[in-house]
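Listing of structure-v3.cif, mmCIF, C-alpha atoms and all ligand atoms
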data_my_file
loop_
_atom_site.label_atom_id
_atom_site.label_comp_id
_atom_site.auth_asym_id
_atom_site.auth_seq_id
_atom_site.Cartn_x
_atom_site.Cartn_y
_atom_site.Cartn_z
CA MET K 70 30.33 -2.26 2.49
CA LYS K 71 27.08 -3.38 4.10
CA VAL K 72 23.73 -2.35 2.56
CA CYS K 73 20.59 -2.85 4.68
CA PHE K 74 17.21 -3.38 3.07
CA ASN K 75 15.73 -0.37 4.87
CA LYS K 76 16.85 2.24 7.41
CA LEU K 77 13.80 3.74 9.07
CA LYS K 78 15.85 5.82 11.46
CA ASN K 79 16.97 8.04 8.56
CA GLN K 80 13.36 9.14 8.19
CA PHE K 81 13.30 10.35 11.77
CA GLU K 82 16.72 12.02 11.71
CA LYS K 83 16.09 14.01 8.55
CA TYR K 84 13.20 15.96 10.15
CA GLN K 85 14.14 15.26 13.79
CA GLU K 86 13.52 18.73 15.18
CA GLU K 87 10.06 18.97 13.62
CA TYR K 88 9.03 15.57 15.02
CA GLU K 89 10.40 16.33 18.46
CA ASN K 90 8.62 19.67 18.59
CA LYS K 91 5.38 18.06 17.48
CA ALA K 92 5.70 15.28 20.07
CA LEU K 93 6.17 17.81 22.87
CA GLU K 94 3.31 19.93 21.58
CA VAL K 95 0.91 16.96 21.67
CA LEU K 96 2.21 15.64 25.01
CA ARG K 97 1.79 19.06 26.60
CA SER K 98 -1.66 19.64 25.08
CA GLY K 99 -3.42 17.22 27.43
CA TRP K 100 -5.52 15.81 24.52
CA TYR K 101 -4.40 12.47 23.05
CA VAL K 102 -7.21 10.81 21.06
CA LEU K 103 -9.50 12.30 18.36
CA GLY K 104 -8.54 15.94 18.66
CA LYS K 105 -7.24 18.76 16.54
CA GLU K 106 -4.16 16.93 15.17
CA VAL K 107 -6.33 14.14 13.74
CA GLU K 108 -8.84 16.61 12.35
CA SER K 109 -6.12 18.76 10.77
CA PHE K 110 -4.37 15.73 9.33
CA GLU K 111 -7.65 14.45 7.86
CA ASN K 112 -8.23 17.80 6.16
CA GLU K 113 -4.66 18.09 4.90
CA PHE K 114 -4.50 14.51 3.63
CA ALA K 115 -7.88 14.75 1.86
CA LYS K 116 -6.61 17.90 0.15
CA TYR K 117 -3.29 16.26 -0.79
CA ILE K 118 -5.03 13.22 -2.32
CA GLY K 119 -7.80 15.28 -3.94
CA SER K 120 -10.71 13.67 -2.09
CA ASN K 121 -13.57 15.37 -0.27
CA TYR K 122 -13.13 13.44 2.97
CA CYS K 123 -10.52 11.57 4.98
CA VAL K 124 -11.04 9.57 8.18
CA GLY K 125 -8.02 8.60 10.31
CA LEU K 126 -8.00 5.00 11.54
CA ALA K 127 -5.77 2.68 13.56
CA SER K 128 -4.23 0.71 10.65
CA GLY K 129 -4.39 -0.15 6.97
CA LEU K 130 -6.09 -3.46 7.72
CA ASP K 131 -8.76 -1.65 9.72
CA ALA K 132 -9.27 0.72 6.78
CA LEU K 133 -9.91 -2.27 4.50
CA LYS K 134 -12.25 -4.01 6.95
CA ILE K 135 -14.21 -0.80 7.58
CA ALA K 136 -14.35 -0.03 3.83
CA PHE K 137 -16.07 -3.35 3.05
CA GLU K 138 -18.36 -3.02 6.05
CA THR K 139 -19.35 0.49 4.98
CA LEU K 140 -20.29 -0.87 1.54
CA ASP K 141 -22.23 -3.67 3.27
CA ILE K 142 -20.18 -6.39 1.59
CA LYS K 143 -20.67 -9.64 3.50
CA GLU K 144 -21.23 -13.39 3.33
CA GLY K 145 -22.45 -14.48 -0.09
CA ASP K 146 -20.74 -11.54 -1.83
CA GLU K 147 -17.62 -11.78 -3.99
CA VAL K 148 -14.78 -9.29 -4.35
CA ILE K 149 -12.31 -9.38 -7.23
CA VAL K 150 -8.66 -8.86 -6.25
CA GLN K 151 -5.26 -9.61 -7.74
CA GLY K 152 -3.69 -12.94 -6.75
CA ASN K 153 -0.38 -11.37 -5.70
CA ALA K 154 -1.94 -8.92 -3.22
CA TYR K 155 -0.69 -8.53 0.34
CA ILE K 156 -2.42 -10.78 2.87
CA ALA K 157 -4.08 -7.80 4.63
CA CYS K 158 -6.04 -7.07 1.43
CA ILE K 159 -7.63 -10.51 1.61
CA MET K 160 -8.28 -10.26 5.36
CA GLY K 161 -10.15 -7.02 4.71
CA ILE K 162 -12.41 -8.79 2.20
CA THR K 163 -13.11 -11.87 4.32
CA VAL K 164 -13.79 -10.19 7.68
CA LYS K 165 -17.58 -10.26 7.21
CA GLY K 166 -17.52 -13.50 5.22
CA ALA K 167 -17.21 -12.18 1.64
CA LYS K 168 -15.20 -14.30 -0.81
CA PRO K 169 -12.04 -13.09 -2.57
CA VAL K 170 -11.97 -14.02 -6.26
CA PHE K 171 -8.42 -13.89 -7.57
CA VAL K 172 -7.36 -12.43 -10.90
CA GLU K 173 -3.80 -12.82 -12.19
CA PRO K 174 -1.42 -9.81 -12.18
CA ASP K 175 -0.14 -8.10 -15.33
CA GLU K 176 3.45 -7.33 -16.31
CA TYR K 177 3.37 -4.30 -13.97
CA ASN K 178 2.56 -6.57 -11.00
CA ASN K 179 -0.92 -4.99 -10.81
CA LEU K 180 -4.43 -6.36 -11.48
CA ASP K 181 -4.71 -7.54 -15.12
CA TYR K 182 -7.89 -5.77 -16.23
CA THR K 183 -8.28 -8.04 -19.28
CA LYS K 184 -9.03 -10.94 -16.92
CA ILE K 185 -11.60 -9.25 -14.68
CA GLU K 186 -14.80 -9.72 -16.67
CA GLU K 187 -14.55 -13.52 -16.89
CA LYS K 188 -14.74 -13.62 -13.06
CA ILE K 189 -17.85 -11.45 -12.68
CA ASN K 190 -21.12 -13.15 -11.71
CA LYS K 191 -24.32 -12.17 -9.90
CA ASN K 192 -22.57 -12.31 -6.50
CA THR K 193 -19.75 -9.96 -7.48
CA LYS K 194 -20.03 -6.70 -5.56
CA ALA K 195 -16.66 -4.97 -5.78
CA ILE K 196 -13.17 -4.82 -7.21
CA LEU K 197 -10.32 -4.26 -4.75
CA VAL K 198 -7.54 -2.51 -6.67
CA VAL K 199 -4.15 -2.77 -4.95
CA HIS K 200 -1.67 -0.27 -6.38
CA LEU K 201 1.18 -2.61 -5.61
CA TYR K 202 4.82 -1.64 -4.92
CA GLY K 203 3.89 2.05 -5.40
CA GLN K 204 2.60 1.98 -8.98
CA ALA K 205 -0.88 3.17 -9.98
CA SER K 206 -3.07 0.57 -11.70
CA ASN K 207 -4.84 1.10 -15.03
CA MET K 208 -7.80 2.98 -13.60
CA ASP K 209 -9.29 3.94 -17.00
CA LYS K 210 -9.98 0.31 -17.81
CA ILE K 211 -10.87 -0.83 -14.31
CA CYS K 212 -13.35 2.03 -13.74
CA GLU K 213 -14.95 1.29 -17.12
CA ILE K 214 -15.49 -2.37 -16.17
CA ALA K 215 -16.82 -1.45 -12.70
CA LYS K 216 -19.26 1.04 -14.18
CA LYS K 217 -20.51 -1.42 -16.81
CA HIS K 218 -21.21 -4.11 -14.20
CA LYS K 219 -22.27 -1.72 -11.39
CA LEU K 220 -19.50 -2.80 -9.04
CA TYR K 221 -17.91 -0.82 -6.24
CA ILE K 222 -14.23 0.00 -6.45
CA VAL K 223 -12.15 -0.06 -3.28
CA GLU K 224 -8.56 1.12 -3.74
CA ASP K 225 -5.74 -0.13 -1.53
CA CYS K 226 -3.21 2.72 -1.55
CA ALA K 227 -1.13 1.44 1.38
CA GLN K 228 1.96 1.37 -0.87
CA SER K 229 1.14 4.25 -3.18
CA HIS K 230 0.65 7.55 -1.33
CA GLY K 231 0.91 10.16 -4.09
CA ALA K 232 1.07 7.85 -7.15
CA LYS K 233 -0.94 9.05 -10.15
CA PHE K 234 -2.86 7.70 -13.11
CA ASN K 235 -3.70 10.21 -15.87
CA ASN K 236 -2.30 12.92 -13.60
CA LYS K 237 -4.85 12.15 -10.87
CA LYS K 238 -3.79 10.69 -7.52
CA VAL K 239 -4.75 7.14 -6.55
CA GLY K 240 -7.33 7.18 -3.80
CA THR K 241 -9.68 9.35 -5.87
CA PHE K 242 -10.87 6.81 -8.45
CA GLY K 243 -12.96 4.42 -6.37
CA ASP K 244 -15.82 4.61 -3.89
CA ILE K 245 -13.47 4.23 -0.94
CA ALA K 246 -9.66 4.22 -0.72
CA CYS K 247 -7.60 2.67 2.08
CA PHE K 248 -4.20 3.86 3.32
CA SER K 249 -1.70 2.48 5.83
CA PHE K 250 0.82 4.61 7.71
CA TYR K 251 2.89 1.70 9.02
CA PRO K 252 6.44 3.01 9.58
CA SER K 253 7.95 1.54 6.39
CA LYS K 254 5.28 2.98 4.05
CA ASN K 255 6.14 6.08 1.99
CA LEU K 256 3.95 8.11 4.35
CA GLY K 257 4.70 6.24 7.57
CA CYS K 258 4.27 7.31 11.17
CA PHE K 259 6.11 5.97 14.24
CA GLY K 260 3.66 3.22 15.13
CA ASP K 261 0.46 1.96 13.53
CA GLY K 262 -1.93 4.18 11.62
CA GLY K 263 -4.30 4.18 8.66
CA ALA K 264 -6.98 6.19 6.90
CA ILE K 265 -9.79 6.11 4.38
CA THR K 266 -10.45 8.72 1.72
CA THR K 267 -13.79 9.05 -0.05
CA ASN K 268 -15.91 11.60 -1.88
CA ASN K 269 -19.10 10.24 -0.33
CA LYS K 270 -20.37 12.15 2.73
CA ASP K 271 -22.59 9.29 3.96
CA TYR K 272 -19.65 6.86 3.89
CA CYS K 273 -17.49 9.37 5.73
CA GLU K 274 -20.08 9.70 8.49
CA LYS K 275 -20.55 5.93 8.79
CA ILE K 276 -16.78 5.36 8.96
CA LYS K 277 -16.41 7.97 11.72
CA ILE K 278 -19.09 6.13 13.69
CA LEU K 279 -17.60 2.67 13.01
CA ARG K 280 -14.14 3.72 14.22
CA ASN K 281 -15.54 4.82 17.59
CA TYR K 282 -17.65 1.89 18.93
CA GLY K 283 -20.47 2.60 16.50
CA SER K 284 -21.11 5.85 18.27
CA GLY K 285 -21.69 9.29 16.77
CA ILE K 286 -22.92 10.86 19.98
CA ARG K 287 -20.95 9.95 23.11
CA TYR K 288 -22.32 6.84 24.84
CA VAL K 289 -25.06 6.46 22.23
CA ASN K 290 -24.32 3.39 20.08
CA GLU K 291 -26.22 3.19 16.82
CA ILE K 292 -24.37 0.18 15.37
CA GLU K 293 -21.72 -2.33 16.48
CA GLY K 294 -18.36 -0.75 15.83
CA TYR K 295 -14.65 -0.91 16.58
CA ASN K 296 -11.99 0.96 18.42
CA SER K 297 -9.96 2.06 15.39
CA ARG K 298 -8.80 5.58 16.09
CA LEU K 299 -5.64 7.31 14.89
CA ASP K 300 -3.68 8.72 17.87
CA GLU K 301 -3.15 12.47 18.14
CA ILE K 302 0.62 12.02 18.37
CA GLN K 303 0.76 9.86 15.20
CA ALA K 304 -1.52 12.30 13.37
CA GLY K 305 0.87 15.08 14.42
CA PHE K 306 3.86 13.15 13.04
CA LEU K 307 1.94 12.46 9.83
CA ARG K 308 1.22 16.19 9.40
CA VAL K 309 4.96 16.84 9.63
CA LYS K 310 5.78 14.08 7.14
CA LEU K 311 2.99 14.93 4.71
CA ASN K 312 4.68 18.31 4.19
CA HIS K 313 7.75 16.41 2.96
CA LEU K 314 6.03 13.53 1.14
CA ASP K 315 6.64 14.79 -2.40
CA GLU K 316 10.31 15.28 -1.58
CA ILE K 317 10.46 11.80 0.02
CA ASN K 318 8.86 10.22 -3.08
CA LYS K 319 11.21 12.15 -5.39
CA GLU K 320 14.27 10.90 -3.58
CA ARG K 321 13.00 7.30 -3.87
CA GLU K 322 12.40 7.86 -7.58
CA SER K 323 15.93 9.13 -8.13
CA ILE K 324 17.37 5.99 -6.48
CA CYS K 325 15.15 3.77 -8.64
CA LEU K 326 16.06 5.67 -11.82
CA ARG K 327 19.69 4.80 -11.12
CA TYR K 328 18.74 1.14 -10.66
CA LEU K 329 16.70 1.22 -13.89
CA ASN K 330 19.44 2.90 -15.92
CA GLU K 331 22.50 1.17 -14.52
CA ILE K 332 21.51 -2.43 -13.68
CA LYS K 333 22.48 -4.41 -16.76
CA ASN K 334 22.24 -8.15 -16.32
CA ASN K 335 20.21 -10.33 -18.66
CA LYS K 336 19.30 -12.68 -15.80
CA ILE K 337 17.28 -9.84 -14.27
CA LYS K 338 14.01 -8.26 -15.37
CA LEU K 339 13.62 -4.69 -14.13
CA PRO K 340 10.25 -3.19 -13.16
CA LYS K 341 8.18 -1.46 -15.86
CA ILE K 342 5.86 1.51 -15.55
CA LEU K 343 2.56 1.61 -17.41
CA ASP K 344 1.84 4.52 -19.79
CA ASN K 345 -0.05 7.30 -17.98
CA ALA K 346 0.84 5.80 -14.58
CA THR K 347 3.45 6.86 -12.06
CA SER K 348 5.06 4.96 -9.22
CA VAL K 349 6.08 6.38 -5.85
CA TRP K 350 8.50 3.45 -5.57
CA HIS K 351 7.44 1.92 -2.30
CA LEU K 352 9.51 -1.08 -3.38
CA PHE K 353 11.91 -1.81 -6.24
CA VAL K 354 10.92 -5.32 -7.30
CA ILE K 355 12.91 -7.27 -9.89
CA HIS K 356 12.05 -10.65 -11.39
CA THR K 357 14.62 -13.41 -11.89
CA SER K 358 14.39 -17.15 -12.45
CA GLU K 359 17.64 -17.53 -10.46
CA ARG K 360 16.36 -15.85 -7.34
CA GLU K 361 17.77 -18.15 -4.66
CA LYS K 362 21.27 -17.92 -6.19
CA LEU K 363 20.98 -14.12 -6.44
CA ILE K 364 19.86 -13.79 -2.81
CA GLU K 365 22.84 -15.90 -1.72
CA TYR K 366 25.26 -13.89 -3.87
CA LEU K 367 23.94 -10.59 -2.52
CA LYS K 368 24.09 -11.89 1.05
CA LEU K 369 27.70 -12.96 0.49
CA ASN K 370 28.37 -9.34 -0.54
CA ASN K 371 26.54 -7.94 2.52
CA ILE K 372 23.43 -6.75 0.67
CA ASP K 373 20.05 -7.48 2.25
CA THR K 374 16.94 -8.21 0.20
CA VAL K 375 13.32 -9.11 1.00
CA ILE K 376 10.60 -10.98 -0.94
CA HIS K 377 7.23 -9.20 -1.15
CA TYR K 378 5.63 -11.77 -0.86
CA PRO K 379 6.96 -15.35 -0.96
CA ILE K 380 3.60 -17.16 -0.47
CA PRO K 381 0.55 -15.79 -2.32
CA PRO K 382 -2.63 -15.53 -0.20
CA HIS K 383 -4.43 -18.45 -1.92
CA LEU K 384 -1.62 -20.81 -0.82
CA GLN K 385 -1.56 -19.58 2.79
CA LYS K 386 -2.87 -21.96 5.45
CA ALA K 387 -5.17 -19.18 6.68
CA TYR K 388 -7.02 -19.43 3.36
CA SER K 389 -6.98 -23.19 2.77
CA LYS K 390 -10.76 -22.93 3.24
CA LEU K 391 -10.96 -21.25 -0.19
CA ASN K 392 -9.88 -24.59 -1.71
CA ILE K 393 -7.71 -23.04 -4.41
CA LEU K 394 -5.07 -25.58 -5.34
CA LYS K 395 -1.48 -24.93 -6.30
CA GLY K 396 -1.32 -24.39 -10.07
CA GLN K 397 -4.66 -22.60 -10.36
CA LEU K 398 -3.03 -19.14 -10.45
CA PRO K 399 0.13 -19.89 -12.44
CA ILE K 400 1.22 -16.28 -13.06
CA THR K 401 0.72 -15.29 -9.42
CA GLU K 402 2.67 -18.36 -8.31
CA LYS K 403 5.45 -17.73 -10.86
CA PHE K 404 5.77 -14.14 -9.59
CA GLY K 405 5.96 -15.50 -6.04
CA ASN K 406 8.99 -17.57 -7.07
CA GLU K 407 10.74 -14.83 -9.10
CA ILE K 408 10.28 -11.51 -7.33
CA LEU K 409 12.93 -9.86 -5.18
CA SER K 410 12.94 -6.41 -3.58
CA LEU K 411 16.27 -4.54 -3.65
CA PRO K 412 17.45 -2.18 -0.88
CA LEU K 413 15.57 1.11 -1.12
CA TYR K 414 15.26 3.79 1.53
CA ASN K 415 15.43 7.52 1.97
CA GLY K 416 18.93 8.58 2.86
CA MET K 417 20.55 5.79 0.80
CA THR K 418 23.95 7.12 -0.30
CA ASN K 419 25.25 7.21 -3.87
CA GLU K 420 28.02 4.82 -2.80
CA GLU K 421 25.47 2.34 -1.46
CA ILE K 422 23.40 2.55 -4.66
CA SER K 423 26.51 2.11 -6.83
CA TYR K 424 27.62 -0.87 -4.74
CA VAL K 425 24.27 -2.65 -5.17
CA ILE K 426 24.36 -1.97 -8.93
CA ASP K 427 27.95 -3.25 -9.28
CA VAL K 428 27.31 -6.43 -7.31
CA ILE K 429 24.16 -7.20 -9.31
CA ASN K 430 25.90 -6.53 -12.61
CA ASN K 431 28.65 -8.97 -11.57
CA PHE K 432 26.14 -11.71 -10.75
C1 LIG K 501 0.83 -2.48 4.63
C2 LIG K 501 -0.30 -2.88 3.78
C3 LIG K 501 -1.59 -3.10 4.30
C4 LIG K 501 -1.88 -3.16 5.76
O1 LIG K 501 -1.59 -2.04 6.49
P1 LIG K 501 -1.34 -2.15 8.07
O2 LIG K 501 -1.29 -0.72 8.49
O3 LIG K 501 -0.07 -2.88 8.28
O4 LIG K 501 -2.50 -2.87 8.66
C5 LIG K 501 -2.62 -3.36 3.42
N1 LIG K 501 -2.41 -3.44 2.10
C6 LIG K 501 -1.18 -3.26 1.56
C7 LIG K 501 -1.02 -3.33 0.09
C8 LIG K 501 -0.09 -2.99 2.39
O5 LIG K 501 1.12 -2.83 1.84
#
Using the file provided, produce a representation of the structure as structure tokens.
Amino acid sequence: MKVCFNKLKNQFEKYQEEYENKALEVLRSGWYVLGKEVESFENEFAKYIGSNYCVGLASGLDALKIAFETLDIKEGDEVIVQGNAYIACIMGITVKGAKPVFVEPDEYNNLDYTKIEEKINKNTKAILVVHLYGQASNMDKICEIAKKHKLYIVEDCAQSHGAKFNNKKVGTFGDIACFSFYPSKNLGCFGDGGAITTNNKDYCEKIKILRNYGSGIRYVNEIEGYNSRLDEIQAGFLRVKLNHLDEINKERESICLRYLNEIKNNKIKLPKILDNATSVWHLFVIHTSEREKLIEYLKLNNIDTVIHYPIPPHLQKAYSKLNILKGQLPITEKFGNEILSLPLYNGMTNEEISYVIDVINNF
């Protein structure tokens, strides 16, 4: 048997007729950018998340960049973020010259709130909370710290569409929340896409202007902006998928529950879920000190795996200018050497799941 890491085509085939109908509807409408599909999706997604406003954008990275710009975070400012974040998180912070200040992750692979306060100084403006691998972070504690020190919270929900903390969806805790709809995300379209959710009307208006050349009224440019619009056709696809998102997340959970209950190998540490938090299982990430051997063994048995992510941002060449040396974030670096994502996708068969479990248990 061969088990791929992901099979995106399953996602299309499961709701094929709905997507095809939607594609034709948009193609035949004669309106392709910033129209009724985007507006409807924004309303439906805001409602799903539990936010007042949603603005569709061209990507998750754009959402992050525009979030920090909206909050006027720039050169001289510092933003606290977990060391094991995805590189796009850091690029969002640094686009206007702000400095990322790294905090080590906790045992749930999320920001360790106990280590935030020691990094706060007079330049600190915000905390970027990345709900990594699908699991909600400890928003009780993080919101308390942000409130005490008057810091903004930006949430990166690119991997956690629908995850909850204290029964409330991520994307509703901070000042601004950023989403990606890249095809492999839980709520993915068939190309690039992103969005911001917020409860703040002024931010919503500024973001709508920023995404369209800094223009609220056609050909009148109030500020310098971007071209970061969500296409009508992608918004249409996202409306179709949003109707099925809870079912998609449930199926992913049922696969991961089998992994959690049936993988029994003391060389492997399984993921843990924080009390009061849920995961939408964007990824199933194990930790093992024998990772290279395990990857080889799985490959020999035709099972694909991926590392999310092998090089933490502070050790990337792109960020050598931060001057953070190897060894300064030991937990982040240890995670980088131990983590491994197992195959996980909608439409994965029981036989495929059992095969992965058996091979891992025999390792
Ligand atoms: C995918 C992702 C992004 C970037 O989204 P794009 O749409 O690819 O630009 C940002 N943050 C996290 C945590 C992601 O997983």
What's around K:His200 at 7 Å? Count only C-alpha atoms, leave out sequence neighbours fewer than 6 positions away in its own chain, and write the answer as a ChimeraX atom specification.
/K:179,206,225-226,228-229
For K:Pro382, list every protein, DNA or RNA residue within 8 Å, evaluated using all atoms listed in the file, and leave out those in the same chain fewer than 2 positions away; present the list as an NGL selection string.
:K and (152-156 or 159 or 380 or 384-385 or 388)
Would you be able to write out as a ChimeraX atom specification which residues have an atom within 12 Å of (12.2, -11.9, -4.5) in the file's coordinates, counting all atoms listed in the file?
/K:337-338,352-365,367,373-380,403-412
Once you count only C-alpha atoms and all ligand atoms, which residues end up within 6 Å of ligand LIG 501 (chain K), and could you hand them over as a PDB file with C-alpha atoms, in the frame of the given file?
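Output (out-v2.pdb):
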ATOM      1  CA  SER K 128      -4.230   0.710  10.650  1.00  0.00           C
ATOM      2  CA  GLY K 129      -4.390  -0.150   6.970  1.00  0.00           C
ATOM      3  CA  LEU K 130      -6.090  -3.460   7.720  1.00  0.00           C
ATOM      4  CA  TYR K 155      -0.690  -8.530   0.340  1.00  0.00           C
ATOM      5  CA  ALA K 157      -4.080  -7.800   4.630  1.00  0.00           C
ATOM      6  CA  CYS K 158      -6.040  -7.070   1.430  1.00  0.00           C
ATOM      7  CA  VAL K 199      -4.150  -2.770  -4.950  1.00  0.00           C
ATOM      8  CA  ASP K 225      -5.740  -0.130  -1.530  1.00  0.00           C
ATOM      9  CA  ALA K 227      -1.130   1.440   1.380  1.00  0.00           C
ATOM     10  CA  GLN K 228       1.960   1.370  -0.870  1.00  0.00           C
ATOM     11  CA  SER K 249      -1.700   2.480   5.830  1.00  0.00           C
ATOM     12  CA  PHE K 250       0.820   4.610   7.710  1.00  0.00           C
ATOM     13  CA  TYR K 251       2.890   1.700   9.020  1.00  0.00           C
ATOM     14  CA  ASP K 261       0.460   1.960  13.530  1.00  0.00           C
ATOM     15  CA  GLY K 262      -1.930   4.180  11.620  1.00  0.00           C
ATOM     16  CA  GLY K 263      -4.300   4.180   8.660  1.00  0.00           C
TER      17      GLY K 263
END
With distances taken over all atoms listed in the file, which of K:Asp300, K:Glu176, K:Glu316, K:Asp131 is nearest to K:Ile276?
K:Asp131
Contact residues around K:Lys184 with all atoms listed in the file at 12 Å, ignoring same-chain residues under 2 positions, as number ranges by chain
K: 149-152, 170-175, 179-182, 186-189, 210-211, 214
What are the centre and the three edge lengths of an axis-aligned box that wraps all atoms of stretch 290-308 of chain K in the file, given that 3 Å is added to every side, written as AutoDock Vina command-line options and rounded to one decimal in Å?
--center_x -11.2 --center_y 6.9 --center_z 14.7 --size_x 36.1 --size_y 24.5 --size_z 16.7
